[in-house]
file query-v9.pdb (PDB, C-alpha atoms, pLDDT in the B column)
ATOM      1  CA  MET A   3     120.208 173.478 104.665  1.00 67.00           C
ATOM      2  CA  ARG A   4     120.956 171.398 107.696  1.00 93.00           C
ATOM      3  CA  GLU A   5     121.872 167.743 108.180  1.00 98.00           C
ATOM      4  CA  LEU A   6     119.865 164.563 108.518  1.00 98.00           C
ATOM      5  CA  VAL A   7     121.677 162.444 111.109  1.00 98.00           C
ATOM      6  CA  LEU A   8     120.906 158.715 110.736  1.00 98.00           C
ATOM      7  CA  ILE A   9     121.751 156.579 113.750  1.00 98.00           C
ATOM      8  CA  ARG A  10     121.699 152.808 113.483  1.00 98.00           C
ATOM      9  CA  HIS A  11     120.386 151.188 116.635  1.00 98.00           C
ATOM     10  CA  GLY A  12     122.876 149.442 118.902  1.00 98.00           C
ATOM     11  CA  GLU A  13     123.758 145.767 118.670  1.00 98.00           C
ATOM     12  CA  THR A  14     121.140 143.069 119.252  1.00 98.00           C
ATOM     13  CA  ALA A  15     121.694 139.321 119.514  1.00 98.00           C
ATOM     14  CA  TRP A  16     120.551 138.994 115.887  1.00 98.00           C
ATOM     15  CA  SER A  17     122.692 141.821 114.491  1.00 97.00           C
ATOM     16  CA  ARG A  18     125.677 140.110 116.125  1.00 97.00           C
ATOM     17  CA  THR A  19     124.911 136.828 114.323  1.00 98.00           C
ATOM     18  CA  GLY A  20     123.792 138.367 111.013  1.00 97.00           C
ATOM     19  CA  GLN A  21     120.152 137.320 111.309  1.00 98.00           C
ATOM     20  CA  HIS A  22     117.525 139.392 109.505  1.00 98.00           C
ATOM     21  CA  ALA A  23     115.555 141.290 112.160  1.00 98.00           C
ATOM     22  CA  GLY A  24     112.694 143.152 110.564  1.00 97.00           C
ATOM     23  CA  ARG A  25     109.632 143.277 112.766  1.00 97.00           C
ATOM     24  CA  THR A  26     110.902 141.102 115.628  1.00 98.00           C
ATOM     25  CA  ASP A  27     111.184 143.448 118.613  1.00 98.00           C
ATOM     26  CA  LEU A  28     114.615 142.631 120.013  1.00 98.00           C
ATOM     27  CA  PRO A  29     116.337 144.309 122.959  1.00 98.00           C
ATOM     28  CA  LEU A  30     119.848 145.696 122.802  1.00 98.00           C
ATOM     29  CA  THR A  31     122.705 143.564 124.053  1.00 98.00           C
ATOM     30  CA  GLU A  32     124.972 144.963 126.752  1.00 98.00           C
ATOM     31  CA  ALA A  33     127.413 145.937 123.972  1.00 98.00           C
ATOM     32  CA  GLY A  34     124.526 147.612 122.132  1.00 98.00           C
ATOM     33  CA  GLU A  35     123.630 149.655 125.193  1.00 98.00           C
ATOM     34  CA  ASP A  36     127.270 150.652 125.675  1.00 98.00           C
ATOM     35  CA  ALA A  37     127.530 151.779 122.028  1.00 98.00           C
ATOM     36  CA  ALA A  38     124.321 153.803 122.338  1.00 98.00           C
ATOM     37  CA  CYS A  39     125.636 155.521 125.477  1.00 98.00           C
ATOM     38  CA  ALA A  40     128.915 156.252 123.698  1.00 98.00           C
ATOM     39  CA  LEU A  41     126.993 158.234 121.055  1.00 98.00           C
ATOM     40  CA  ALA A  42     125.657 160.692 123.639  1.00 98.00           C
ATOM     41  CA  PRO A  43     128.674 163.054 123.817  1.00 97.00           C
ATOM     42  CA  ARG A  44     128.862 163.373 120.026  1.00 96.00           C
ATOM     43  CA  LEU A  45     125.105 163.958 119.689  1.00 98.00           C
ATOM     44  CA  ALA A  46     125.081 166.421 122.607  1.00 97.00           C
ATOM     45  CA  GLU A  47     127.189 168.748 120.439  1.00 94.00           C
ATOM     46  CA  ARG A  48     124.154 169.247 118.184  1.00 95.00           C
ATOM     47  CA  GLU A  49     120.813 170.909 118.620  1.00 94.00           C
ATOM     48  CA  PHE A  50     118.086 168.987 116.806  1.00 97.00           C
ATOM     49  CA  ALA A  51     114.938 170.562 115.390  1.00 97.00           C
ATOM     50  CA  ALA A  52     113.302 167.123 115.563  1.00 98.00           C
ATOM     51  CA  VAL A  53     114.177 163.562 116.566  1.00 98.00           C
ATOM     52  CA  TYR A  54     112.458 160.470 115.144  1.00 98.00           C
ATOM     53  CA  SER A  55     112.831 156.795 115.861  1.00 98.00           C
ATOM     54  CA  SER A  56     111.481 153.484 114.720  1.00 98.00           C
ATOM     55  CA  PRO A  57     109.017 152.408 117.426  1.00 98.00           C
ATOM     56  CA  LEU A  58     110.831 149.074 117.840  1.00 98.00           C
ATOM     57  CA  THR A  59     112.577 148.672 121.199  1.00 98.00           C
ATOM     58  CA  ARG A  60     116.119 148.475 119.803  1.00 98.00           C
ATOM     59  CA  ALA A  61     115.792 151.872 118.127  1.00 98.00           C
ATOM     60  CA  ALA A  62     113.795 153.622 120.859  1.00 98.00           C
ATOM     61  CA  ARG A  63     116.235 152.426 123.538  1.00 98.00           C
ATOM     62  CA  THR A  64     119.205 153.572 121.446  1.00 98.00           C
ATOM     63  CA  ALA A  65     117.659 157.049 121.193  1.00 98.00           C
ATOM     64  CA  GLU A  66     117.108 157.148 124.944  1.00 98.00           C
ATOM     65  CA  LEU A  67     120.626 155.987 125.844  1.00 98.00           C
ATOM     66  CA  ALA A  68     122.161 158.369 123.286  1.00 98.00           C
ATOM     67  CA  GLY A  69     120.500 161.258 125.129  1.00 98.00           C
ATOM     68  CA  LEU A  70     118.053 162.213 122.390  1.00 98.00           C
ATOM     69  CA  SER A  71     115.093 163.841 124.110  1.00 93.00           C
ATOM     70  CA  GLY A  72     111.681 164.410 122.598  1.00 96.00           C
ATOM     71  CA  THR A  73     111.990 161.417 120.282  1.00 98.00           C
ATOM     72  CA  GLU A  74     108.865 160.808 118.204  1.00 98.00           C
ATOM     73  CA  PRO A  75     108.177 157.220 117.142  1.00 98.00           C
ATOM     74  CA  ASP A  76     107.402 156.897 113.432  1.00 98.00           C
ATOM     75  CA  THR A  77     106.086 153.660 111.942  1.00 98.00           C
ATOM     76  CA  ASP A  78     107.539 154.558 108.530  1.00 98.00           C
ATOM     77  CA  LEU A  79     110.977 153.930 110.089  1.00 98.00           C
ATOM     78  CA  ILE A  80     110.329 150.273 110.997  1.00 98.00           C
ATOM     79  CA  GLU A  81     112.779 147.900 109.326  1.00 98.00           C
ATOM     80  CA  TRP A  82     111.921 145.959 106.160  1.00 98.00           C
ATOM     81  CA  ASP A  83     109.430 143.152 106.840  1.00 98.00           C
ATOM     82  CA  TYR A  84     111.491 140.085 105.880  1.00 98.00           C
ATOM     83  CA  GLY A  85     108.521 137.710 105.957  1.00 98.00           C
ATOM     84  CA  ARG A  86     109.638 134.064 105.928  1.00 98.00           C
ATOM     85  CA  TYR A  87     113.272 135.178 106.073  1.00 98.00           C
ATOM     86  CA  GLU A  88     112.840 136.796 109.496  1.00 98.00           C
ATOM     87  CA  GLY A  89     115.495 135.456 111.861  1.00 98.00           C
ATOM     88  CA  MET A  90     117.524 133.826 109.095  1.00 98.00           C
ATOM     89  CA  THR A  91     121.039 134.689 107.964  1.00 98.00           C
ATOM     90  CA  ALA A  92     121.831 135.359 104.303  1.00 97.00           C
ATOM     91  CA  GLU A  93     123.655 132.019 104.203  1.00 97.00           C
ATOM     92  CA  GLN A  94     120.563 130.165 105.466  1.00 98.00           C
ATOM     93  CA  ILE A  95     118.377 131.894 102.879  1.00 98.00           C
ATOM     94  CA  GLN A  96     120.837 130.992 100.119  1.00 97.00           C
ATOM     95  CA  GLU A  97     120.571 127.340 101.134  1.00 97.00           C
ATOM     96  CA  LEU A  98     116.854 127.606 100.313  1.00 96.00           C
ATOM     97  CA  LYS A  99     117.337 129.845  97.275  1.00 97.00           C
ATOM     98  CA  PRO A 100     120.840 129.497  95.812  1.00 98.00           C
ATOM     99  CA  GLY A 101     122.163 132.804  94.520  1.00 96.00           C
ATOM    100  CA  TRP A 102     119.602 134.820  96.501  1.00 97.00           C
ATOM    101  CA  GLU A 103     120.359 138.521  96.878  1.00 96.00           C
ATOM    102  CA  LEU A 104     118.042 140.742  98.935  1.00 97.00           C
ATOM    103  CA  TRP A 105     118.116 143.799  96.693  1.00 96.00           C
ATOM    104  CA  ARG A 106     117.415 141.811  93.517  1.00 96.00           C
ATOM    105  CA  ASP A 107     115.197 138.989  94.772  1.00 97.00           C
ATOM    106  CA  GLY A 108     113.388 140.475  97.763  1.00 97.00           C
ATOM    107  CA  VAL A 109     111.731 138.292 100.387  1.00 97.00           C
ATOM    108  CA  ASP A 110     109.014 135.645 100.587  1.00 96.00           C
ATOM    109  CA  ALA A 111     105.708 136.609 102.244  1.00 97.00           C
ATOM    110  CA  GLY A 112     107.069 139.946 103.454  1.00 97.00           C
ATOM    111  CA  GLU A 113     107.379 143.490 102.232  1.00 98.00           C
ATOM    112  CA  ASP A 114     108.735 144.222  98.781  1.00 97.00           C
ATOM    113  CA  LEU A 115     111.275 146.965  98.151  1.00 98.00           C
ATOM    114  CA  GLY A 116     108.589 149.152  96.596  1.00 98.00           C
ATOM    115  CA  HIS A 117     106.576 149.185  99.819  1.00 98.00           C
ATOM    116  CA  VAL A 118     109.632 150.119 101.891  1.00 98.00           C
ATOM    117  CA  THR A 119     110.392 152.879  99.386  1.00 98.00           C
ATOM    118  CA  VAL A 120     106.887 154.338  99.743  1.00 98.00           C
ATOM    119  CA  ARG A 121     107.355 154.492 103.530  1.00 98.00           C
ATOM    120  CA  VAL A 122     110.799 156.088 103.246  1.00 98.00           C
ATOM    121  CA  ASP A 123     109.620 158.635 100.671  1.00 98.00           C
ATOM    122  CA  ALA A 124     106.678 159.590 102.910  1.00 98.00           C
ATOM    123  CA  PHE A 125     109.041 160.090 105.833  1.00 98.00           C
ATOM    124  CA  LEU A 126     111.471 162.195 103.785  1.00 98.00           C
ATOM    125  CA  GLY A 127     108.558 164.281 102.517  1.00 98.00           C
ATOM    126  CA  ARG A 128     107.645 165.147 106.111  1.00 98.00           C
ATOM    127  CA  VAL A 129     111.241 165.709 107.268  1.00 97.00           C
ATOM    128  CA  ARG A 130     112.813 167.786 104.480  1.00 96.00           C
ATOM    129  CA  PRO A 131     110.871 170.960 105.436  1.00 96.00           C
ATOM    130  CA  LEU A 132     112.045 170.592 109.056  1.00 97.00           C
ATOM    131  CA  LEU A 133     115.664 170.876 107.939  1.00 96.00           C
ATOM    132  CA  ASP A 134     115.077 174.607 107.400  1.00 95.00           C
ATOM    133  CA  LYS A 135     114.802 174.813 111.205  1.00 96.00           C
ATOM    134  CA  GLY A 136     117.875 172.706 112.044  1.00 96.00           C
ATOM    135  CA  ASP A 137     119.344 169.241 112.053  1.00 98.00           C
ATOM    136  CA  VAL A 138     117.049 166.217 112.318  1.00 98.00           C
ATOM    137  CA  ALA A 139     118.050 162.949 114.020  1.00 98.00           C
ATOM    138  CA  VAL A 140     116.658 159.583 112.947  1.00 98.00           C
ATOM    139  CA  VAL A 141     117.250 156.340 114.873  1.00 98.00           C
ATOM    140  CA  ALA A 142     116.444 153.380 112.671  1.00 98.00           C
ATOM    141  CA  HIS A 143     117.675 150.123 111.161  1.00 98.00           C
ATOM    142  CA  GLY A 144     120.364 148.995 108.721  1.00 98.00           C
ATOM    143  CA  HIS A 145     118.522 148.207 105.484  1.00 98.00           C
ATOM    144  CA  LEU A 146     115.990 150.986 106.029  1.00 98.00           C
ATOM    145  CA  SER A 147     118.821 153.509 106.505  1.00 98.00           C
ATOM    146  CA  ARG A 148     120.432 152.385 103.271  1.00 98.00           C
ATOM    147  CA  ILE A 149     117.146 152.828 101.389  1.00 98.00           C
ATOM    148  CA  LEU A 150     116.613 156.219 103.021  1.00 98.00           C
ATOM    149  CA  THR A 151     120.098 157.250 101.909  1.00 98.00           C
ATOM    150  CA  ALA A 152     119.494 156.165  98.321  1.00 98.00           C
ATOM    151  CA  ARG A 153     116.214 158.088  98.197  1.00 98.00           C
ATOM    152  CA  TRP A 154     117.838 161.145  99.833  1.00 98.00           C
ATOM    153  CA  LEU A 155     120.303 161.164  96.944  1.00 98.00           C
ATOM    154  CA  GLY A 156     117.496 160.830  94.383  1.00 98.00           C
ATOM    155  CA  LEU A 157     118.513 157.281  93.457  1.00 98.00           C
ATOM    156  CA  ASP A 158     116.357 154.235  92.888  1.00 98.00           C
ATOM    157  CA  ALA A 159     115.932 152.331  96.153  1.00 98.00           C
ATOM    158  CA  SER A 160     117.817 149.346  94.707  1.00 97.00           C
ATOM    159  CA  ALA A 161     120.951 151.530  94.676  1.00 98.00           C
ATOM    160  CA  ALA A 162     120.971 151.005  98.457  1.00 98.00           C
ATOM    161  CA  ARG A 163     122.962 147.818  97.771  1.00 97.00           C
ATOM    162  CA  GLN A 164     125.922 150.108  96.984  1.00 97.00           C
ATOM    163  CA  PHE A 165     126.112 151.536 100.500  1.00 96.00           C
ATOM    164  CA  GLY A 166     127.997 149.556 103.108  1.00 95.00           C
ATOM    165  CA  HIS A 167     125.783 148.211 105.860  1.00 94.00           C
ATOM    166  CA  PRO A 168     125.610 150.742 108.711  1.00 97.00           C
ATOM    167  CA  HIS A 169     127.222 149.158 111.756  1.00 97.00           C
ATOM    168  CA  PRO A 170     125.157 148.995 114.947  1.00 97.00           C
ATOM    169  CA  GLY A 171     125.570 152.086 117.086  1.00 97.00           C
ATOM    170  CA  THR A 172     127.005 154.324 114.381  1.00 98.00           C
ATOM    171  CA  ILE A 173     126.151 157.703 112.894  1.00 98.00           C
ATOM    172  CA  ASN A 174     125.561 158.349 109.180  1.00 98.00           C
ATOM    173  CA  THR A 175     125.109 161.940 108.085  1.00 98.00           C
ATOM    174  CA  LEU A 176     123.255 163.222 105.040  1.00 98.00           C
ATOM    175  CA  GLY A 177     123.280 166.824 103.929  1.00 98.00           C
ATOM    176  CA  TYR A 178     123.817 169.145 101.014  1.00 96.00           C
ATOM    177  CA  GLU A 179     126.792 170.425  99.081  1.00 96.00           C
ATOM    178  CA  HIS A 180     126.096 173.230  96.604  1.00 94.00           C
ATOM    179  CA  ASP A 181     122.367 172.441  96.989  1.00 92.00           C
ATOM    180  CA  LEU A 182     122.890 168.799  95.972  1.00 96.00           C
ATOM    181  CA  PRO A 183     122.042 166.014  98.432  1.00 97.00           C
ATOM    182  CA  VAL A 184     125.195 164.175  99.560  1.00 98.00           C
ATOM    183  CA  VAL A 185     126.497 161.670 102.099  1.00 98.00           C
ATOM    184  CA  LEU A 186     128.647 163.592 104.584  1.00 98.00           C
ATOM    185  CA  GLY A 187     129.625 160.705 106.863  1.00 97.00           C
ATOM    186  CA  TRP A 188     129.124 156.926 107.064  1.00 98.00           C
ATOM    187  CA  ASN A 189     129.623 154.412 109.898  1.00 96.00           C
ATOM    188  CA  VAL A 190     131.037 156.974 112.312  1.00 95.00           C
ATOM    189  CA  PRO A 191     131.200 155.455 115.830  1.00 90.00           C
TER     190      PRO A 191
END

call {"tool": "encode", "arguments": {"input": "query-v9.pdb", "output": "structure tokens"}}
result
Amino acid sequence: MRELVLIRHGETAWSRTGQHAGRTDLPLTEAGEDAACALAPRLAEREFAAVYSSPLTRAARTAELAGLSGTEPDTDLIEWDYGRYEGMTAEQIQELKPGWELWRDGVDAGEDLGHVTVRVDAFLGRVRPLLDKGDVAVVAHGHLSRILTARWLGLDASAARQFGHPHPGTINTLGYEHDLPVVLGWNVP
């Protein structure tokens, strides 16, 4: 079996300030573009059987700058819809809802964790067979990548809280060891 290479999009103004950016289509900052370009040499060492990206600008542009050709946009890779919490930091949300925790409490007027899990599971169902042909690259978002990782490992989606947040412009690698799904690398610049 080959590897599933998860790439977190480069920095945006909101990722720099810790604001929740679900469906808001933000561009990369200059630092985000630089980080995406810096991924190109490492990714050029691999031959990918398929490359997928969230259709949002920050992910698609990261794929382009990282030199990933033939990228297919996939709506199942769009970040969690944060509803009323869109654009807010965790601290601002906790002012409204003391003790709030995303993985336990979810969001108001947005997408619940179950809906994100259905999207991620559908994506993994389409991608796993492609791994017989080679590595697959995925350019997506922080919380979605954590959920995808949990589901890759066969865990409940809420276990995603136990993975450190992927930093913008980093590579996270999933694969197999003795036929068991594993995390092979996390937050690699």

call {"tool": "closest_residue", "arguments": {"input": "query-v9.pdb", "among": "A:Leu115, A:Ile173, A:Leu126, A:Leu133", "to": "Trp154 (chain A)", "atoms": "all atoms listed in the file"}}
result
A:Leu126

call {"tool": "closest_residue", "arguments": {"input": "query-v9.pdb", "among": "A:Ala161, A:Ala139, A:Leu104, A:Leu79", "to": "Ala124 (chain A)", "atoms": "only C-alpha atoms"}}
result
A:Leu79

call {"tool": "resolve_selection", "arguments": {"input": "query-v9.pdb", "expression": "the PyMOL selection byres ((chain A and resi 37) around 10)", "output": "list in words"}}
result
His11, Gly12, Glu13, Leu30, Thr31, Glu32, Ala33, Gly34, Glu35, Asp36, Ala38, Cys39, Ala40, Leu41, Ala42, Thr64, Leu67, Ala68, Pro170, Gly171, Thr172 and Pro191 of chain A

call {"tool": "closest_residue", "arguments": {"input": "query-v9.pdb", "among": "A:Arg128, A:His22, A:Arg148, A:Arg44", "to": "Arg86 (chain A)", "atoms": "only C-alpha atoms"}}
result
A:His22

call {"tool": "closest_residue", "arguments": {"input": "query-v9.pdb", "among": "A:Val140, A:Thr77, A:Arg121, A:Ala65", "to": "Ala52 (chain A)", "atoms": "all atoms listed in the file"}}
result
A:Val140

call {"tool": "residues_around", "arguments": {"input": "query-v9.pdb", "residues": "Arg106 (chain A)", "least_positions_apart": "3", "cutoff": "9 Å", "atoms": "only C-alpha atoms", "output": "PDB file with C-alpha atoms, in the frame of the given file"}}
result
ATOM      1  CA  TRP A 102     119.602 134.820  96.501  1.00 97.00           C
ATOM      2  CA  GLU A 103     120.359 138.521  96.878  1.00 96.00           C
ATOM      3  CA  SER A 160     117.817 149.346  94.707  1.00 97.00           C
TER       4      SER A 160
END

call {"tool": "closest_residue", "arguments": {"input": "query-v9.pdb", "among": "A:His143, A:Arg10, A:Lys135, A:His117", "to": "Asp27 (chain A)", "atoms": "only C-alpha atoms"}}
result
A:His143

call {"tool": "resolve_selection", "arguments": {"input": "query-v9.pdb", "expression": "the PyMOL selection byres ((chain A and resi 78) around 12)", "output": "VMD selection string"}}
result
chain A and resid 54 to 58 74 to 77 79 to 83 117 to 129 140 to 143 146 to 147 150

call {"tool": "resolve_selection", "arguments": {"input": "query-v9.pdb", "expression": "the PyMOL selection byres ((chain A and resi 7) around 6)", "output": "compact mmCIF listing (two decimals) with C-alpha atoms, in the coordinates of the input"}}
result
# COMPACT_ATOMS: atom_id res chain seq x y z
CA LEU A 6 119.86 164.56 108.52
CA LEU A 8 120.91 158.72 110.74
CA ALA A 139 118.05 162.95 114.02
CA ASN A 174 125.56 158.35 109.18
CA THR A 175 125.11 161.94 108.08

call {"tool": "closest_residue", "arguments": {"input": "query-v9.pdb", "among": "A:Ala51, A:Ala152, A:Gly116, A:Pro43", "to": "Pro131 (chain A)", "atoms": "all atoms listed in the file"}}
result
A:Ala51

call {"tool": "atom_distance", "arguments": {"input": "query-v9.pdb", "atom1": "CA of Gly101 (chain A)", "atom2": "CA of Asp114 (chain A)"}}
result
18.1 Å

call {"tool": "atom_distance", "arguments": {"input": "query-v9.pdb", "atom1": "CA of Asp110 (chain A)", "atom2": "CA of Tyr84 (chain A)"}}
result
7.3 Å
